[in-house]
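Trainee: Structure: entry-v1.tsv, TSV, N, CA and C atoms.
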chain	number	residue	atom	x	y	z
Q	16	MET	N	131.41	85.87	92.86
Q	16	MET	CA	131.12	87.21	92.35
Q	16	MET	C	131.89	87.50	91.06
Q	17	GLY	N	132.57	86.50	90.54
Q	17	GLY	CA	133.32	86.69	89.31
Q	17	GLY	C	132.44	86.99	88.12
Q	18	ASP	N	131.12	86.75	88.27
Q	18	ASP	CA	130.21	87.05	87.17
Q	18	ASP	C	129.78	88.52	87.18
Q	19	LEU	N	130.20	89.28	88.17
Q	19	LEU	CA	129.90	90.71	88.22
Q	19	LEU	C	131.08	91.51	87.67
Q	20	ASN	N	130.78	92.36	86.72
Q	20	ASN	CA	131.81	93.22	86.16
Q	20	ASN	C	131.62	94.63	86.70
Q	21	PRO	N	132.62	95.18	87.39
Q	21	PRO	CA	132.50	96.56	87.85
Q	21	PRO	C	132.26	97.49	86.66
Q	22	ARG	N	131.38	98.45	86.84
Q	22	ARG	CA	131.07	99.42	85.80
Q	22	ARG	C	131.73	100.75	86.15
Q	23	VAL	N	132.40	101.32	85.17
Q	23	VAL	CA	133.12	102.58	85.34
Q	23	VAL	C	132.50	103.61	84.41
Q	24	CYS	N	131.92	104.64	84.99
Q	24	CYS	CA	131.26	105.69	84.22
Q	24	CYS	C	132.28	106.76	83.82
Q	25	ASP	N	132.06	107.35	82.64
Q	25	ASP	CA	133.00	108.38	82.19
Q	25	ASP	C	132.38	109.78	82.10
Q	26	CYS	N	131.28	110.00	82.84
Q	26	CYS	CA	130.70	111.35	82.86
Q	26	CYS	C	131.62	112.29	83.64
Q	27	ASN	N	131.38	113.58	83.53
Q	27	ASN	CA	132.23	114.57	84.22
Q	27	ASN	C	132.30	114.32	85.72
Q	28	TYR	N	131.15	114.04	86.33
Q	28	TYR	CA	131.13	113.82	87.77
Q	28	TYR	C	132.01	112.62	88.14
Q	29	CYS	N	131.83	111.52	87.45
Q	29	CYS	CA	132.56	110.29	87.80
Q	29	CYS	C	134.04	110.38	87.44
Q	30	ARG	N	134.39	111.14	86.43
Q	30	ARG	CA	135.81	111.34	86.13
Q	30	ARG	C	136.48	112.12	87.26
Q	31	ASN	N	135.73	113.01	87.90
Q	31	ASN	CA	136.27	113.78	89.02
Q	31	ASN	C	136.21	113.02	90.34
Q	32	HIS	N	135.42	111.96	90.40
Q	32	HIS	CA	135.26	111.13	91.60
Q	32	HIS	C	135.34	109.66	91.17
Q	33	PRO	N	136.50	109.19	90.74
Q	33	PRO	CA	136.60	107.85	90.14
Q	33	PRO	C	136.17	106.72	91.08
Q	34	SER	N	135.46	105.78	90.51
Q	34	SER	CA	135.06	104.57	91.22
Q	34	SER	C	134.53	103.57	90.20
Q	35	ALA	N	134.31	102.37	90.65
Q	35	ALA	CA	133.69	101.32	89.84
Q	35	ALA	C	132.63	100.69	90.73
Q	36	VAL	N	131.44	100.46	90.17
Q	36	VAL	CA	130.34	99.93	90.98
Q	36	VAL	C	129.88	98.58	90.45
Q	37	ILE	N	129.35	97.78	91.38
Q	37	ILE	CA	128.76	96.50	91.02
Q	37	ILE	C	127.32	96.46	91.51
Q	38	SER	N	126.51	95.68	90.83
Q	38	SER	CA	125.12	95.50	91.27
Q	38	SER	C	124.53	94.29	90.57
Q	39	ASP	N	123.42	93.90	91.13
Q	39	ASP	CA	122.60	92.83	90.57
Q	39	ASP	C	121.18	93.18	90.97
Q	40	PRO	N	120.20	93.00	90.11
Q	40	PRO	CA	118.84	93.40	90.47
Q	40	PRO	C	118.28	92.69	91.71
Q	41	GLY	N	118.84	91.54	92.07
Q	41	GLY	CA	118.39	90.83	93.27
Q	41	GLY	C	119.20	91.17	94.51
Q	42	MET	N	120.20	92.01	94.37
Q	42	MET	CA	121.09	92.37	95.48
Q	42	MET	C	120.36	93.24	96.50
Q	43	LYS	N	120.59	92.95	97.77
Q	43	LYS	CA	120.06	93.78	98.85
Q	43	LYS	C	121.24	94.44	99.54
Q	44	ILE	N	121.26	95.76	99.51
Q	44	ILE	CA	122.37	96.55	100.05
Q	44	ILE	C	121.86	97.26	101.30
Q	45	ASP	N	122.46	96.96	102.43
Q	45	ASP	CA	122.03	97.58	103.68
Q	45	ASP	C	123.18	98.43	104.22
Q	46	LEU	N	123.03	99.73	104.13
Q	46	LEU	CA	124.05	100.66	104.60
Q	46	LEU	C	123.74	100.98	106.06
Q	47	THR	N	124.58	100.50	106.96
Q	47	THR	CA	124.34	100.69	108.39
Q	47	THR	C	125.37	101.64	108.98
Q	48	GLY	N	125.08	102.17	110.12
Q	48	GLY	CA	126.02	103.02	110.84
Q	48	GLY	C	125.69	104.50	110.76
Q	49	GLY	N	125.10	104.93	109.66
Q	49	GLY	CA	124.71	106.32	109.53
Q	49	GLY	C	125.86	107.31	109.43
Q	50	GLU	N	127.08	106.83	109.26
Q	50	GLU	CA	128.25	107.71	109.19
Q	50	GLU	C	128.58	108.02	107.74
Q	51	TYR	N	127.65	108.63	107.05
Q	51	TYR	CA	127.85	108.94	105.65
Q	51	TYR	C	127.25	110.30	105.31
Q	52	THR	N	127.66	110.81	104.20
Q	52	THR	CA	127.10	112.02	103.62
Q	52	THR	C	126.81	111.70	102.17
Q	53	PHE	N	126.10	112.55	101.47
Q	53	PHE	CA	125.90	112.28	100.05
Q	53	PHE	C	126.02	113.56	99.25
Q	54	ASP	N	126.37	113.37	97.99
Q	54	ASP	CA	126.33	114.46	97.04
Q	54	ASP	C	125.63	113.94	95.80
Q	55	GLN	N	125.40	114.81	94.84
Q	55	GLN	CA	124.66	114.41	93.65
Q	55	GLN	C	125.43	114.80	92.39
Q	56	ASN	N	125.16	114.06	91.32
Q	56	ASN	CA	125.80	114.37	90.05
Q	56	ASN	C	125.16	115.60	89.43
Q	57	GLY	N	125.63	115.97	88.25
Q	57	GLY	CA	125.17	117.20	87.60
Q	57	GLY	C	123.68	117.28	87.37
Q	58	ASP	N	123.05	116.20	86.96
Q	58	ASP	CA	121.60	116.25	86.72
Q	58	ASP	C	120.79	115.95	87.98
Q	59	ARG	N	121.50	115.69	89.08
Q	59	ARG	CA	120.91	115.47	90.40
Q	59	ARG	C	119.97	114.26	90.43
Q	60	GLN	N	120.16	113.32	89.52
Q	60	GLN	CA	119.30	112.15	89.46
Q	60	GLN	C	119.76	111.07	90.44
Q	61	ALA	N	121.05	110.96	90.66
Q	61	ALA	CA	121.59	109.93	91.55
Q	61	ALA	C	122.24	110.57	92.77
Q	62	LYS	N	122.22	109.85	93.88
Q	62	LYS	CA	122.91	110.28	95.10
Q	62	LYS	C	124.12	109.38	95.30
Q	63	PHE	N	125.25	109.99	95.64
Q	63	PHE	CA	126.48	109.27	95.87
Q	63	PHE	C	126.79	109.34	97.37
Q	64	PHE	N	126.61	108.22	98.06
Q	64	PHE	CA	126.79	108.15	99.51
Q	64	PHE	C	128.25	107.86	99.81
Q	65	ARG	N	128.87	108.73	100.62
Q	65	ARG	CA	130.29	108.63	100.93
Q	65	ARG	C	130.52	108.52	102.42
Q	66	CYS	N	131.59	107.83	102.79
Q	66	CYS	CA	131.99	107.70	104.18
Q	66	CYS	C	132.38	109.06	104.74
Q	67	ASN	N	131.84	109.40	105.93
Q	67	ASN	CA	132.19	110.67	106.57
Q	67	ASN	C	133.66	110.76	106.95
Q	68	TYR	N	134.30	109.62	107.17
Q	68	TYR	CA	135.68	109.63	107.68
Q	68	TYR	C	136.72	109.68	106.57
Q	69	CYS	N	136.57	108.85	105.55
Q	69	CYS	CA	137.60	108.79	104.51
Q	69	CYS	C	137.15	109.39	103.18
Q	70	GLY	N	135.86	109.63	103.01
Q	70	GLY	CA	135.35	110.21	101.77
Q	70	GLY	C	135.13	109.21	100.65
Q	71	ASP	N	135.43	107.93	100.89
Q	71	ASP	CA	135.24	106.92	99.84
Q	71	ASP	C	133.76	106.76	99.50
Q	72	LEU	N	133.51	106.49	98.23
Q	72	LEU	CA	132.15	106.17	97.80
Q	72	LEU	C	131.74	104.84	98.41
Q	73	LEU	N	130.56	104.79	99.01
Q	73	LEU	CA	130.00	103.55	99.53
Q	73	LEU	C	129.04	102.95	98.52
Q	74	VAL	N	128.01	103.71	98.18
Q	74	VAL	CA	127.01	103.28	97.21
Q	74	VAL	C	126.52	104.48	96.41
Q	75	VAL	N	125.96	104.21	95.27
Q	75	VAL	CA	125.24	105.21	94.50
Q	75	VAL	C	123.80	104.74	94.47
Q	76	GLY	N	122.86	105.65	94.66
Q	76	GLY	CA	121.46	105.24	94.71
Q	76	GLY	C	120.53	106.25	94.08
Q	77	CYS	N	119.32	105.78	93.82
Q	77	CYS	CA	118.32	106.62	93.19
Q	77	CYS	C	116.94	106.03	93.50
Q	78	ASN	N	115.96	106.89	93.67
Q	78	ASN	CA	114.59	106.44	93.87
Q	78	ASN	C	114.00	106.09	92.51
Q	79	ILE	N	113.63	104.83	92.34
Q	79	ILE	CA	113.05	104.37	91.08
Q	79	ILE	C	111.71	103.71	91.40
Q	80	ASP	N	110.65	104.30	90.89
Q	80	ASP	CA	109.30	103.76	91.11
Q	80	ASP	C	109.00	103.57	92.59
Q	81	GLY	N	109.42	104.53	93.41
Q	81	GLY	CA	109.11	104.50	94.84
Q	81	GLY	C	110.02	103.62	95.68
Q	82	GLU	N	111.05	103.04	95.07
Q	82	GLU	CA	111.99	102.19	95.81
Q	82	GLU	C	113.40	102.73	95.62
Q	83	LEU	N	114.18	102.69	96.70
Q	83	LEU	CA	115.56	103.13	96.61
Q	83	LEU	C	116.40	101.99	96.04
Q	84	ARG	N	117.01	102.23	94.92
Q	84	ARG	CA	117.83	101.22	94.24
Q	84	ARG	C	119.26	101.71	94.23
Q	85	GLY	N	120.23	100.79	94.12
Q	85	GLY	CA	121.61	101.23	94.16
Q	85	GLY	C	122.62	100.21	93.69
Q	86	ALA	N	123.86	100.69	93.63
Q	86	ALA	CA	125.03	99.89	93.25
Q	86	ALA	C	126.14	100.20	94.25
Q	87	VAL	N	126.99	99.21	94.51
Q	87	VAL	CA	128.03	99.28	95.53
Q	87	VAL	C	129.39	99.54	94.90
Q	88	ASN	N	130.20	100.34	95.58
Q	88	ASN	CA	131.58	100.57	95.15
Q	88	ASN	C	132.35	99.25	95.26
Q	89	SER	N	132.81	98.73	94.13
Q	89	SER	CA	133.51	97.43	94.14
Q	89	SER	C	134.84	97.51	94.90
Q	90	GLY	N	135.42	98.69	95.03
Q	90	GLY	CA	136.68	98.86	95.74
Q	90	GLY	C	136.57	98.57	97.23
Q	91	LEU	N	135.36	98.58	97.78
Q	91	LEU	CA	135.17	98.32	99.21
Q	91	LEU	C	135.48	96.87	99.57
Q	92	PHE	N	135.45	95.99	98.59
Q	92	PHE	CA	135.66	94.57	98.84
Q	92	PHE	C	137.13	94.18	98.89
Q	93	GLY	N	138.01	95.11	98.51
Q	93	GLY	CA	139.44	94.82	98.52
Q	93	GLY	C	139.74	93.57	97.72
Q	94	GLU	N	140.50	92.67	98.30
Q	94	GLU	CA	140.86	91.41	97.64
Q	94	GLU	C	139.94	90.26	98.04
Q	95	THR	N	138.86	90.56	98.77
Q	95	THR	CA	137.96	89.53	99.26
Q	95	THR	C	137.29	88.77	98.12
Q	96	TYR	N	136.87	89.50	97.08
Q	96	TYR	CA	136.19	88.89	95.94
Q	96	TYR	C	136.93	89.23	94.66
Q	97	ARG	N	136.85	88.34	93.72
Q	97	ARG	CA	137.41	88.58	92.39
Q	97	ARG	C	136.25	88.88	91.46
Q	98	PHE	N	136.27	90.06	90.89
Q	98	PHE	CA	135.23	90.46	89.95
Q	98	PHE	C	135.74	90.27	88.53
Q	99	GLY	N	134.82	90.32	87.57
Q	99	GLY	CA	135.19	90.28	86.17
Q	99	GLY	C	135.89	91.58	85.77
Q	100	GLU	N	136.25	91.66	84.53
Q	100	GLU	CA	136.93	92.85	84.02
Q	100	GLU	C	136.00	94.06	84.08
Q	101	PRO	N	136.53	95.23	84.43
Q	101	PRO	CA	135.71	96.45	84.44
Q	101	PRO	C	135.15	96.76	83.05
Q	102	VAL	N	133.95	97.34	83.04
Q	102	VAL	CA	133.26	97.70	81.82
Q	102	VAL	C	133.04	99.22	81.83
Q	103	GLN	N	133.43	99.88	80.76
Q	103	GLN	CA	133.21	101.32	80.63
Q	103	GLN	C	131.75	101.56	80.25
Q	104	ILE	N	131.08	102.49	80.94
Q	104	ILE	CA	129.69	102.82	80.63
Q	104	ILE	C	129.56	104.31	80.37
Q	105	GLN	N	128.51	104.70	79.67
Q	105	GLN	CA	128.27	106.10	79.33
Q	105	GLN	C	126.79	106.47	79.53
Q	106	PRO	N	126.30	106.43	80.77
Q	106	PRO	CA	124.89	106.73	80.99
Q	106	PRO	C	124.52	108.17	80.62
Q	107	TRP	N	125.49	109.05	80.54
Q	107	TRP	CA	125.19	110.45	80.18
Q	107	TRP	C	124.69	110.55	78.74
Q	108	LEU	N	124.87	109.51	77.93
Q	108	LEU	CA	124.35	109.52	76.56
Q	108	LEU	C	122.85	109.20	76.52
Q	109	LEU	N	122.31	108.70	77.64
Q	109	LEU	CA	120.90	108.34	77.72
Q	109	LEU	C	120.07	109.50	78.26
Q	110	SER	N	118.80	109.52	77.93
Q	110	SER	CA	117.90	110.51	78.53
Q	110	SER	C	117.69	110.12	80.00
Q	111	SER	N	117.15	111.04	80.77
Q	111	SER	CA	116.87	110.75	82.19
Q	111	SER	C	115.95	109.54	82.32
Q	112	LYS	N	114.95	109.47	81.49
Q	112	LYS	CA	114.00	108.35	81.54
Q	112	LYS	C	114.70	107.03	81.19
Q	113	GLU	N	115.56	107.05	80.17
Q	113	GLU	CA	116.29	105.84	79.78
Q	113	GLU	C	117.26	105.40	80.88
Q	114	ARG	N	117.90	106.38	81.54
Q	114	ARG	CA	118.82	106.05	82.64
Q	114	ARG	C	118.08	105.35	83.77
Q	115	LEU	N	116.94	105.90	84.18
Q	115	LEU	CA	116.17	105.29	85.26
Q	115	LEU	C	115.73	103.87	84.89
Q	116	ALA	N	115.31	103.68	83.65
Q	116	ALA	CA	114.90	102.35	83.22
Q	116	ALA	C	116.09	101.39	83.27
Q	117	ARG	N	117.24	101.84	82.84
Q	117	ARG	CA	118.44	100.98	82.85
Q	117	ARG	C	118.85	100.65	84.28
Q	118	TRP	N	118.91	101.68	85.14
Q	118	TRP	CA	119.28	101.44	86.54
Q	118	TRP	C	118.29	100.49	87.21
Q	119	GLY	N	117.01	100.64	86.87
Q	119	GLY	CA	116.00	99.76	87.45
Q	119	GLY	C	116.21	98.30	87.08
Q	120	LYS	N	116.84	98.05	85.94
Q	120	LYS	CA	117.12	96.68	85.51
Q	120	LYS	C	118.42	96.14	86.10
Q	121	LEU	N	119.33	97.03	86.48
Q	121	LEU	CA	120.67	96.61	86.91
Q	121	LEU	C	120.91	96.71	88.41
Q	122	TRP	N	120.33	97.71	89.05
Q	122	TRP	CA	120.67	98.00	90.43
Q	122	TRP	C	119.87	97.16	91.42
Q	123	GLY	N	120.49	96.92	92.59
Q	123	GLY	CA	119.84	96.20	93.67
Q	123	GLY	C	118.98	97.14	94.51
Q	124	TYR	N	118.54	96.63	95.65
Q	124	TYR	CA	117.68	97.39	96.57
Q	124	TYR	C	118.54	97.94	97.70
Q	125	LEU	N	118.38	99.22	97.97
Q	125	LEU	CA	119.21	99.93	98.92
Q	125	LEU	C	118.41	100.25	100.18
Q	126	TYR	N	118.96	99.84	101.33
Q	126	TYR	CA	118.30	100.06	102.62
Q	126	TYR	C	119.24	100.83	103.55
Q	127	GLY	N	118.68	101.50	104.53
Q	127	GLY	CA	119.48	102.17	105.55
Q	127	GLY	C	119.90	103.58	105.21
Q	128	VAL	N	119.42	104.11	104.09
Q	128	VAL	CA	119.73	105.50	103.71
Q	128	VAL	C	118.44	106.21	103.37
Q	129	GLU	N	118.52	107.52	103.37
Q	129	GLU	CA	117.33	108.32	103.04
Q	129	GLU	C	117.54	109.04	101.74
Output the file's structure in the form of structure tokens.

Mentor:
Amino acid sequence: MGDLNPRVCDCNYCRNHPSAVISDPGMKIDLTGGEYTFDQNGDRQAKFFRCNYCGDLLVVGCNIDGELRGAVNSGLFGETYRFGEPVQIQPWLLSSKERLARWGKLWGYLYGVE
């Protein structure tokens, strides 16, 4: 997984809820257990699924062309995997349409959430 670089967003929402996410368009993310809640960013385009117990971000997801796509919080892996250097991103500079197109190219497929 060293070829995956965690992405760190600097929008207002993410600065208030810091995390770094990883994804690959071929990744299949299955969120099991149902012990989560979600909130949304300012433009309400993405859902941020959090653990009910500790509040940690699990995944961020969005419906793109009828499919739920998402990225995983890289912090959940602890020391299990070594990722590349974090990359700063600024999706808030893109239009909603451009963001969805970008996420559709980067994010994996998200299962087990609504």

Trainee: So that I can check the surroundings of stretch 74-83 of chain Q, please list as a VMD selection string every protein, DNA and RNA residue that reaches within 6 Å of it, counting only N, CA and C atoms and ignoring chain neighbours fewer than 4 positions away.

Mentor: chain Q and resid 60 to 65 87 to 88 123 to 125

Trainee: Pick the closest to Q:Pro33 from Q:Glu94, Q:Leu46, Q:Leu19, Q:Leu72: which is it, counting only N, CA and C atoms?

Mentor: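 Residue with the minimum atom-to-atom distance to Q:Pro33: Q:Leu72.
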
Trainee: Can you measure atom C of Q:Asp39 to atom C of Q:Val128 for me? One decimal in Å is fine.

Mentor: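 For atom C of Q:Asp39 relative to atom C of Q:Val128, the distance reads 18.2 Å.
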
Trainee: Go through Q:Pro21, Q:Cys66, Q:Gly85, Q:Asp45 one by one, measure the shortest atom-to-atom distance of each to Q:Gly119 using only N, CA and C atoms, and give the residue with the smallest value.

Mentor: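 Between Q:Pro21, Q:Cys66, Q:Gly85, Q:Asp45, the residue approaching Q:Gly119 most closely is Q:Gly85.
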
Trainee: For the atom pair atom CA of Q:Asp54 and atom CA of Q:Phe98, what is the interatomic distance in Å to one decimal place?

Mentor: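 Taking atom CA of Q:Asp54 and atom CA of Q:Phe98, their separation equals 26.6 Å.
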
Trainee: Go through Q:Ile37, Q:Met42, Q:Ala116, Q:Cys26 and flag the residue nearest Q:Leu73, using only C-alpha atoms for the distances.

Mentor: Q:Ile37

Trainee: May I ask which of the residues Q:Thr52, Q:Asn20, Q:Ser34, Q:Asn67 is the closest one to Q:Glu100, counting all atoms listed in the file?

Mentor: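 Of Q:Thr52, Q:Asn20, Q:Ser34, Q:Asn67, the one nearest Q:Glu100, counting all atoms listed in the file, is Q:Asn20.
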
Trainee: Which residues in stretch 20-113 of chain Q does DSSP call strand (DSSP E)? List them as a ChimeraX atom specification.

Mentor: /Q:22-24,36-37,43-45,51-55,62-66,72-79,82-88,102-104

Trainee: In Å to one decimal, how far is atom N of Q:Lys120 from atom CA of Q:Ala35?

Mentor: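 Those two atoms sit 17.6 Å apart.
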
Trainee: Using all atoms listed in the file, find the one residue out of Q:Glu50, Q:Asp71, Q:Asp58, Q:Asp25 that sits nearest to Q:Pro106.

Mentor: Q:Asp25

Trainee: Kindly indicate which residue among Q:Gly99, Q:Gly48, Q:Gly127, Q:Gly90 lies nearest to Q:Val36, using all atoms listed in the file for the distances.

Mentor: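 Looking only at the distances to Q:Val36, the closest residue turns out to be Q:Gly90.
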
Trainee: Which residues in chain Q does DSSP call helix (DSSP H, G or I)? List them as a list in words.

Mentor: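 Secondary structure check on chain Q, helix (DSSP H, G or I): Asn27, Tyr28, Cys29, Arg30, Asn31, Ser89, Gly90, Leu91, Phe92, Pro106, Trp107, Leu108, Ser111, Lys112, Glu113, Arg114, Leu115, Ala116, Arg117, Trp118, Gly119, Lys120 and Leu121 of chain Q.
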